[in-house]
Each structure stands twice: as C-alpha cells, then as structure tokens.
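Peer 1: Let me begin by handing over the structure; questions about it come next.
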Amino acid sequence: MLDTPRIAASDNTGGAKGGPVRLRRAPVAASALAGLAAAGMFWSGAEVPLAHAEANTAATIDTPYGRAPLSFADLVEKVKPSVVSISVVNDVAGKVAERGKGLTIPELPEDHPLHDFFKNLPKEFGQGEGGGRQRPVQAQGSGFVVSEDGYVITNNHVIDGASKIQVQFDIGEKYDAKLVGTDQRTDIALLKIENAKTTFPAVRLSKKDPRVGDWALAVGNPFGLGGTVTAGIVSALARDIGSGPYDYLQIDAAVNRGNSGGPTFNLDGEVIGVNTAIYSPSGGNVGIAFAVPAKTVNEVFEQLKKGGSVSRGWLGVKIQNVDDDTAASLGLTEARGALVSEVTSGGPAAAAGIKAQDAILQVNADKIADSRDLARKIAELSPDTTVDVKVWRGNEEKVIKVKLGLFPNTADPMKPVDEQKPAPSTLDLSQLGLTLMPARSGDEQGVVIAEVDPSSDAAEKGLKPGDIILEVSGDTVSDPNDVVTGVKKAQELKRSAILLHIKSGDQKRLVAVQLKDKKG
C-alpha cells in the first residue's frame, strides 16, 4: 500500500524513498530557460471564448474502437493559453545561530577595508531580529484560468505561506494575483488575477467522468521551465493515496515538481483533474501521478468563490473499517460499515449518544460501505443538518439522530492520553496469543500487553508489548482477569473473534482478534 503524505502538510515535498511525494514548488529557473518559456506570439488581451477542442477529422486515424488523434497540436493550441505559471514569494526569516544573535551587519562601501570580511560571513549571521535583511524564498508551480474575469485554480501547497503571488501566461504576460480561498483537505486554492480590464482565456472543468484508458494531457510548469505539455492516459480511477476520504485520478503523463496545480485535459479540451502528487522512488517522474478529479474541484471552486472557504459536515468520531474478524466479533453477518474507535468529547456524535465500538451502517437512506465512504457522505452534508445514523450496538440496530457540526480546522480535536506503563505480574492468555499484566498502581484503566505470540492473530493485527487493552467487547477492563471474563463471554455467544479497544502510545483503535481453541 502506498505511504502517502497528508494533504494538510502543504509543504511536504519529500517523502520516504519509494513513496509518493507532494509535487514540489519548483525553484525559479535560470533566466535563459525562463526566457525560452516566455517566448511566443503576443496576446492582445482581447475577449477570447472558453477554450474548446474542435473536431479535426484530418488529424485522426481509424481504429477498431473509433478514431484516434495523430497529433494533439490543435488541442494544445486551444487550451495552452489558459494555463499559467505561478510564482510565489515567501518572506521567511532565517533561524539565527546562537553565536550570531544581536549582530547587525553594517552597510559598508566596497572600498572599505572590512567590506569583504562582512560580505563573506556565514548566512546565519545578520538574520532575524536586529540583523540584516530577510531573504525572500521564491518558488513556482502551475495553475489554470477557469473564468474570463481571471479566477485561477491551483494547489494549496503551491501558494501556502505566500506573501506575493504572480501568474504568467505562456506568451509572457504577467499579473499579480490575490488569494481568494484555500481548502487543505483537497489541496485546492483559488486565486483572482488583479486586472479588471482584461479578459482572459479560460477552460472548463469537465462534468463527465473519465474512463480508464482515455487520453490525458498534462500542461504545466515543471522545474520552472514554463508551459510544458505531456501526454498519457488515465491509468486508474478512485485511487486512495492516504490523503483523506477523497479519491484521485491516476495518470501516466509525465508530471514533475512544478507541475503542482496544473491541469490534465481530455480530448474535448476540458479539465479532468488538477495534478497534485506523484509516486516516485527518486522524486522525479516514473509515470505515476495523481490528480484531484474535476468533480471534486468544481464543488470546492464554487464554495471558495462564494465565501473563501469550504464548509463540511462533521460527525466527531474516529473511525476504521470493519473487516471479517471485526464483523464476527460484533455479531454482524457481513463486513461493512464504519467502526467508531473514539468519540470526540463535546462533538455532535457524543451529544447524540453515539459510542465507541458502534458500527455505523447507514446515514439517512445511504448504506455505508467503509470508513472512507462514511467520511465522504458526512463531508457532503452541510453543517447543522440533522441526519439519521443507523448503528449496530449490542447485537441490534439502532437509529440515532445527529445534528452535524462544522468540520474543524484542527487536524485532530482529540486530546492525547499519557502512555501507561506495565507492572511486573503477568497472566498468560494463550487463546489470544497474549501475556497480560495490570497497569501500574494509580494509573488509569487498562491492562498492559507484556508479550505477543509471534505466530498469533494478535501479532498479525499489529499488537505489540506495551500496548494497552482498554476494553473487551465494550466492557472496561482494569485487571487481566477482566479480559479472561470477556473471552468467556464471547465464547458463550459463539463468537469466533473478540473486539479489543487498544491504546498504542497516543493512538486508540479497535482490533478484532481471532480466538483459538485452548488446545491450539
């Protein structure tokens, strides 16, 4: 499974070797390359209709499955004028070395005997309060115009922290732009070109879903080179790259650092996605790129244009998928729904009475497939909406009315719990593949895992020494014998697995562990 950075980490441009990386804002290219990128015919700024690909039967060839283009030149000619290079300036004060605090570098004339001495001091000196000038950080990305009055869509991580934003068209025209709004969850940002007298070439966001195998043309500003076009196909749909509940398109057109925020087009000249991340061992293109689908972009664009932010419904729970063992431990006939592992104190779910270890099966008339499905459905609803949430609790279904809140800006509203430490006495629970010990006297609830049988299902599920069992099948435990009682109860109910509420460090989760026979 891909190990993908969170979108909220807007400047995460690295990533582990072999893992997906957020497309870096490319450093400003050398002047010679920038001159080449800016070269082209002069654009007068006269009114230009929305870019639209025109049929050109002379440039196609018959295939058993329809006509295919021999060249993308006509399409590129139509859409490329709407794609912009985005330059940002971040005024970031450098960290001051301890030895250099308070040192002010004087402005000395070149013929002064100490001019060369101060000029060649390490950069740590003279930065920060009372010392020298701050050096602005410059970077570049991509974007595209979606309305003739100058609204531009790009990635949030391209403009994050920018004090100045400029957009440059392929023909060389450059304009200042202001930030209208951002959405970290989808990594989308909306800009407005500050020039009310000019009409700009624009492209449309596609309203139809692409198919795997469709042509895909990526246009952007890789490595600060300026307008660059690459071609490929849509490789996959609905990719989960670990950046929240939203799906991504996967394309194999060459996408590199600096392509962030650039569009991917279909053969109709419509934008099907906004390039946002790549999967790469080296940080460069290997033919696996991810784009935010046009449908998602359009929903975010409308809200950003209207109010500068995106409002989403919020349930106030931490959730995880229900696998076969979890379903067996709960008494569910099939593995579906989203299992509540934690409930946010003071959140909508807590106020309505939803509890940890409830399995959410349905919201209003919509059945819930898994945790991402629930997150998407709740996010699509408006705050203050009252919904019927069907949960599985205590071997029966129950409908709970919940008034949704506004999704908070904080990444994790949960408060961490201090890690508990084990005491020396232990109890062997071979049916779980665990050796348990009570928590240290005076600590909070829980039973500590002292050892894990490496051949057990518990080990396969990731349990390890030091983890704490807080509950067994919904019952709080404070002594290893409480776990034994929970196992016996599960056996009486003829359950093949038992649900454990586990705390690992500051994180809590629910783990369904298979019960093996005492002789096994």
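Residue numbering restarts at 1 for every chain of the structure tokens, chains are lettered A, B, ... in their displayed order, and ligands are numbered from 1 as they appear.
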Near Leu374 in chain A, counting only C-alpha atoms, which residues have an atom at most 9 Å away, once you skip same-chain residues fewer than 3 positions from it, shown as a PyMOL selection string?
Peer 2: chain A and resi 245+319+337-338+360-363+367-371+377-379
Peer 1: Go ahead and save the residues from that selection, with N, CA and C atoms, as a CSV table (one decimal), in the first residue's frame.
Peer 2:
```
chain,number,residue,atom,x,y,z
A,245,PRO,N,-10.6,11.4,2.7
A,245,PRO,CA,-11.6,10.5,2.2
A,245,PRO,C,-11.8,10.6,0.7
A,319,ILE,N,-12.9,6.7,13.1
A,319,ILE,CA,-13.5,5.5,12.5
A,319,ILE,C,-12.5,4.6,11.8
A,337,GLY,N,-19.6,-1.2,6.8
A,337,GLY,CA,-19.8,-0.1,7.7
A,337,GLY,C,-18.5,0.5,8.2
A,338,ALA,N,-18.7,1.4,9.2
A,338,ALA,CA,-17.5,2.1,9.8
A,338,ALA,C,-17.6,1.9,11.3
A,360,ILE,N,-21.3,2.0,12.4
A,360,ILE,CA,-22.2,2.9,11.6
A,360,ILE,C,-22.5,2.2,10.3
A,361,LEU,N,-23.8,1.8,10.1
A,361,LEU,CA,-24.1,1.0,8.9
A,361,LEU,C,-24.8,1.9,7.9
A,362,GLN,N,-25.4,3.0,8.3
A,362,GLN,CA,-26.2,3.7,7.3
A,362,GLN,C,-26.4,5.2,7.8
A,363,VAL,N,-26.4,6.1,6.8
A,363,VAL,CA,-26.7,7.5,7.1
A,363,VAL,C,-27.9,7.9,6.2
A,367,LYS,N,-26.5,3.4,2.6
A,367,LYS,CA,-25.7,2.4,3.3
A,367,LYS,C,-24.2,2.8,3.2
A,368,ILE,N,-23.5,2.4,4.3
A,368,ILE,CA,-22.1,2.8,4.4
A,368,ILE,C,-21.3,1.6,4.1
A,369,ALA,N,-20.4,1.7,3.1
A,369,ALA,CA,-19.5,0.6,2.7
A,369,ALA,C,-18.3,0.4,3.7
A,370,ASP,N,-17.6,1.6,4.0
A,370,ASP,CA,-16.4,1.5,4.8
A,370,ASP,C,-16.2,2.9,5.4
A,371,SER,N,-15.1,3.1,6.1
A,371,SER,CA,-14.8,4.3,6.8
A,371,SER,C,-14.7,5.5,5.8
A,377,LYS,N,-19.6,10.9,2.8
A,377,LYS,CA,-21.0,11.2,2.9
A,377,LYS,C,-21.3,12.3,3.9
A,378,ILE,N,-20.6,12.3,5.0
A,378,ILE,CA,-20.8,13.3,6.0
A,378,ILE,C,-20.2,14.6,5.5
A,379,ALA,N,-19.1,14.6,4.8
A,379,ALA,CA,-18.5,15.8,4.3
A,379,ALA,C,-19.4,16.5,3.3
```
Peer 1: Set the distance at 8 Å and use only C-alpha atoms: which residues neighbour Lys318 in chain A once local chain neighbours fewer than 3 positions away are removed? I'd like the list as an NGL selection string.
Peer 2: :A and (340-344)
Peer 1: Go ahead and write the residues just picked, N, CA and C atoms, as a PDB file, in the first residue's frame.
Peer 2:
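Wrote it out as again_37.pdb, contents follow:
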```pdb
ATOM      1  N   VAL A 340     -16.669   2.872  15.031  1.00  0.00           N
ATOM      2  CA  VAL A 340     -16.260   4.038  15.813  1.00  0.00           C
ATOM      3  C   VAL A 340     -15.223   3.601  16.841  1.00  0.00           C
ATOM      4  N   SER A 341     -13.997   4.118  16.711  1.00  0.00           N
ATOM      5  CA  SER A 341     -12.942   3.784  17.674  1.00  0.00           C
ATOM      6  C   SER A 341     -12.846   4.816  18.786  1.00  0.00           C
ATOM      7  N   GLU A 342     -13.187   6.056  18.497  1.00  0.00           N
ATOM      8  CA  GLU A 342     -13.198   7.117  19.506  1.00  0.00           C
ATOM      9  C   GLU A 342     -14.289   8.122  19.172  1.00  0.00           C
ATOM     10  N   VAL A 343     -14.822   8.757  20.210  1.00  0.00           N
ATOM     11  CA  VAL A 343     -15.830   9.803  20.050  1.00  0.00           C
ATOM     12  C   VAL A 343     -15.256  11.093  20.613  1.00  0.00           C
ATOM     13  N   THR A 344     -15.310  12.166  19.828  1.00  0.00           N
ATOM     14  CA  THR A 344     -14.776  13.455  20.253  1.00  0.00           C
ATOM     15  C   THR A 344     -15.639  14.046  21.355  1.00  0.00           C
TER      16      THR A 344
END
```
Peer 1: Could you give me, as a list in words, each residue of range 257-361 of chain A that DSSP assigns to alpha helix (DSSP H) when run on this structure's backbone?
Peer 2: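 Here is the list: Ala294, Lys295, Thr296, Val297, Asn298, Glu299, Val300, Phe301, Glu302, Gln303, Leu304, Lys305, Lys306, Gly307, Asp324, Asp325, Thr326, Ala327, Ala328, Ser329, Leu330, Pro348, Ala349, Ala350, Ala351 and Ala352 of chain A.
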Peer 1: Filtering to C-alpha atoms, could you give me those residues as a tab-separated table (two decimals), in the first residue's frame?
Peer 2:
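Just written: again05.tsv:
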```tsv
chain	number	residue	atom	x	y	z
A	294	ALA	CA	-12.77	17.69	-11.82
A	295	LYS	CA	-15.99	16.85	-9.98
A	296	THR	CA	-14.32	17.44	-6.61
A	297	VAL	CA	-12.52	20.56	-7.88
A	298	ASN	CA	-15.76	22.08	-9.15
A	299	GLU	CA	-17.52	21.59	-5.79
A	300	VAL	CA	-14.62	23.22	-3.95
A	301	PHE	CA	-14.28	26.03	-6.52
A	302	GLU	CA	-17.90	27.11	-6.13
A	303	GLN	CA	-17.61	27.35	-2.34
A	304	LEU	CA	-14.24	29.12	-2.42
A	305	LYS	CA	-15.52	31.65	-4.94
A	306	LYS	CA	-18.60	32.32	-2.85
A	307	GLY	CA	-17.10	32.51	0.62
A	324	ASP	CA	-14.29	-10.07	8.62
A	325	ASP	CA	-12.89	-10.62	12.10
A	326	THR	CA	-14.33	-7.36	13.40
A	327	ALA	CA	-17.72	-8.28	11.97
A	328	ALA	CA	-17.51	-11.68	13.66
A	329	SER	CA	-16.62	-10.10	17.00
A	330	LEU	CA	-19.61	-7.74	16.77
A	348	PRO	CA	-22.07	16.10	17.55
A	349	ALA	CA	-21.79	12.31	17.88
A	350	ALA	CA	-21.11	12.50	21.62
A	351	ALA	CA	-24.07	14.83	22.13
A	352	ALA	CA	-26.34	12.44	20.23
```
Peer 1: Which of these residues is nearest to Val203 in chain A, using only C-alpha atoms: A:Asn275, A:Ser82, A:Ser235, A:Gln166?
Peer 2: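 Under the stated criterion, the closest residue is A:Ser82.
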Peer 1: Let me make sure I understand: among A:Val452, A:Val310, A:Ile469, A:Val322, which one has the smallest atom-to-atom distance to Phe407 in chain A if we use only C-alpha atoms?
Peer 2: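 Under the stated criterion, the closest residue is A:Val310.
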Peer 1: Just the number, please: distance in Å from CA of Gly433 in chain A to CA of Asp475 in chain A, one decimal.
Peer 2: 19.9 Å
Peer 1: Taking 3 positions as the minimum chain separation for residues in the same chain, which residues sit within 10 Å of Ser456 in chain A when counting only C-alpha atoms? Answer as a PDB file with N, CA and C atoms, in the first residue's frame.
Peer 2:
```pdb
ATOM      1  N   SER A 430      -3.397 -17.597  26.362  1.00  0.00           N
ATOM      2  CA  SER A 430      -2.936 -18.231  25.127  1.00  0.00           C
ATOM      3  C   SER A 430      -3.980 -18.186  24.029  1.00  0.00           C
ATOM      4  N   GLN A 431      -5.274 -18.108  24.391  1.00  0.00           N
ATOM      5  CA  GLN A 431      -6.322 -18.062  23.357  1.00  0.00           C
ATOM      6  C   GLN A 431      -6.236 -16.797  22.506  1.00  0.00           C
ATOM      7  N   LEU A 432      -5.671 -15.746  23.082  1.00  0.00           N
ATOM      8  CA  LEU A 432      -5.458 -14.513  22.330  1.00  0.00           C
ATOM      9  C   LEU A 432      -4.019 -14.401  21.833  1.00  0.00           C
ATOM     10  N   GLY A 433      -3.153 -15.285  22.301  1.00  0.00           N
ATOM     11  CA  GLY A 433      -1.740 -15.179  21.940  1.00  0.00           C
ATOM     12  C   GLY A 433      -1.054 -14.065  22.689  1.00  0.00           C
ATOM     13  N   LEU A 434      -1.571 -13.727  23.895  1.00  0.00           N
ATOM     14  CA  LEU A 434      -1.059 -12.592  24.647  1.00  0.00           C
ATOM     15  C   LEU A 434      -0.688 -12.994  26.065  1.00  0.00           C
ATOM     16  N   VAL A 452       3.610 -10.920  23.086  1.00  0.00           N
ATOM     17  CA  VAL A 452       2.718 -11.298  21.990  1.00  0.00           C
ATOM     18  C   VAL A 452       3.318 -12.505  21.284  1.00  0.00           C
ATOM     19  N   ASP A 453       2.530 -13.554  21.158  1.00  0.00           N
ATOM     20  CA  ASP A 453       2.968 -14.735  20.425  1.00  0.00           C
ATOM     21  C   ASP A 453       3.137 -14.360  18.949  1.00  0.00           C
ATOM     22  N   ALA A 459      -0.575 -10.862  16.760  1.00  0.00           N
ATOM     23  CA  ALA A 459       0.658 -10.333  16.176  1.00  0.00           C
ATOM     24  C   ALA A 459       0.425  -9.858  14.750  1.00  0.00           C
ATOM     25  N   GLU A 460      -0.360 -10.633  13.979  1.00  0.00           N
ATOM     26  CA  GLU A 460      -0.669 -10.236  12.601  1.00  0.00           C
ATOM     27  C   GLU A 460      -1.449  -8.934  12.562  1.00  0.00           C
ATOM     28  N   LYS A 461      -2.256  -8.688  13.607  1.00  0.00           N
ATOM     29  CA  LYS A 461      -3.056  -7.456  13.655  1.00  0.00           C
ATOM     30  C   LYS A 461      -2.256  -6.269  14.179  1.00  0.00           C
ATOM     31  N   LEU A 463      -0.606  -5.967  17.221  1.00  0.00           N
ATOM     32  CA  LEU A 463      -0.468  -5.765  18.665  1.00  0.00           C
ATOM     33  C   LEU A 463       0.963  -6.046  19.082  1.00  0.00           C
ATOM     34  N   VAL A 513      -9.551  -9.721  17.325  1.00  0.00           N
ATOM     35  CA  VAL A 513      -8.564 -10.798  17.390  1.00  0.00           C
ATOM     36  C   VAL A 513      -9.288 -12.144  17.401  1.00  0.00           C
ATOM     37  N   GLN A 514      -8.846 -13.045  16.546  1.00  0.00           N
ATOM     38  CA  GLN A 514      -9.449 -14.371  16.477  1.00  0.00           C
ATOM     39  C   GLN A 514      -9.149 -15.158  17.757  1.00  0.00           C
ATOM     40  N   LEU A 515     -10.151 -15.894  18.207  1.00  0.00           N
ATOM     41  CA  LEU A 515      -9.995 -16.762  19.373  1.00  0.00           C
ATOM     42  C   LEU A 515      -9.600 -18.162  18.898  1.00  0.00           C
ATOM     43  N   LYS A 516      -8.537 -18.673  19.435  1.00  0.00           N
ATOM     44  CA  LYS A 516      -8.149 -20.032  19.063  1.00  0.00           C
ATOM     45  C   LYS A 516      -8.496 -20.989  20.202  1.00  0.00           C
TER      46      LYS A 516
END
```
Peer 1: Write out as a VMD selection string the residues lying within 10 Å of Asp149 in chain A, counting only C-alpha atoms and excluding same-chain residues fewer than 5 positions away.
Peer 2: chain A and resid 192 to 202
Peer 1: Would you put the residues from that selection into a file with C-alpha atoms, as a JSON list (two decimals), in the first residue's frame?
Peer 2:
```json
[["chain", "number", "residue", "atom", "x", "y", "z"],
["A", 192, "LYS", "CA", -8.03, 36.06, -8.67],
["A", 193, "ILE", "CA", -5.90, 37.98, -11.17],
["A", 194, "GLU", "CA", -5.83, 41.64, -10.15],
["A", 195, "ASN", "CA", -6.61, 43.18, -13.53],
["A", 196, "ALA", "CA", -10.27, 44.03, -14.01],
["A", 197, "LYS", "CA", -9.87, 45.47, -17.51],
["A", 198, "THR", "CA", -8.56, 42.34, -19.21],
["A", 199, "THR", "CA", -10.46, 39.28, -20.43],
["A", 200, "PHE", "CA", -8.52, 36.05, -20.05],
["A", 201, "PRO", "CA", -8.63, 32.75, -21.95],
["A", 202, "ALA", "CA", -10.33, 30.10, -19.81]]
```
Peer 1: Tell me, as JSON, numbers by chain, which residues lie within 6 Å of Val472 in chain A, counting only C-alpha atoms; anything in the same chain fewer than 6 positions away does not count.
Peer 2: {"A": [486, 499, 500]}
Peer 1: Per DSSP on the backbone, what are the strand (DSSP E) residues of range 349-482 of chain A, as a ChimeraX atom specification?
Peer 2: /A:359-363,366-367,386-393,396-403,405-406,427-429,434-438,447-452,468-472,475-476
Peer 1: So how many Å separate CA of Ala512 in chain A and CA of Leu436 in chain A, to one decimal?
Peer 2: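 We find that CA of Ala512 in chain A and CA of Leu436 in chain A lie 16.9 Å from each other.
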Peer 1: Which distance in Å separates CA of Ile449 in chain A and CA of Arg509 in chain A, to one decimal?
Peer 2: 14.8 Å
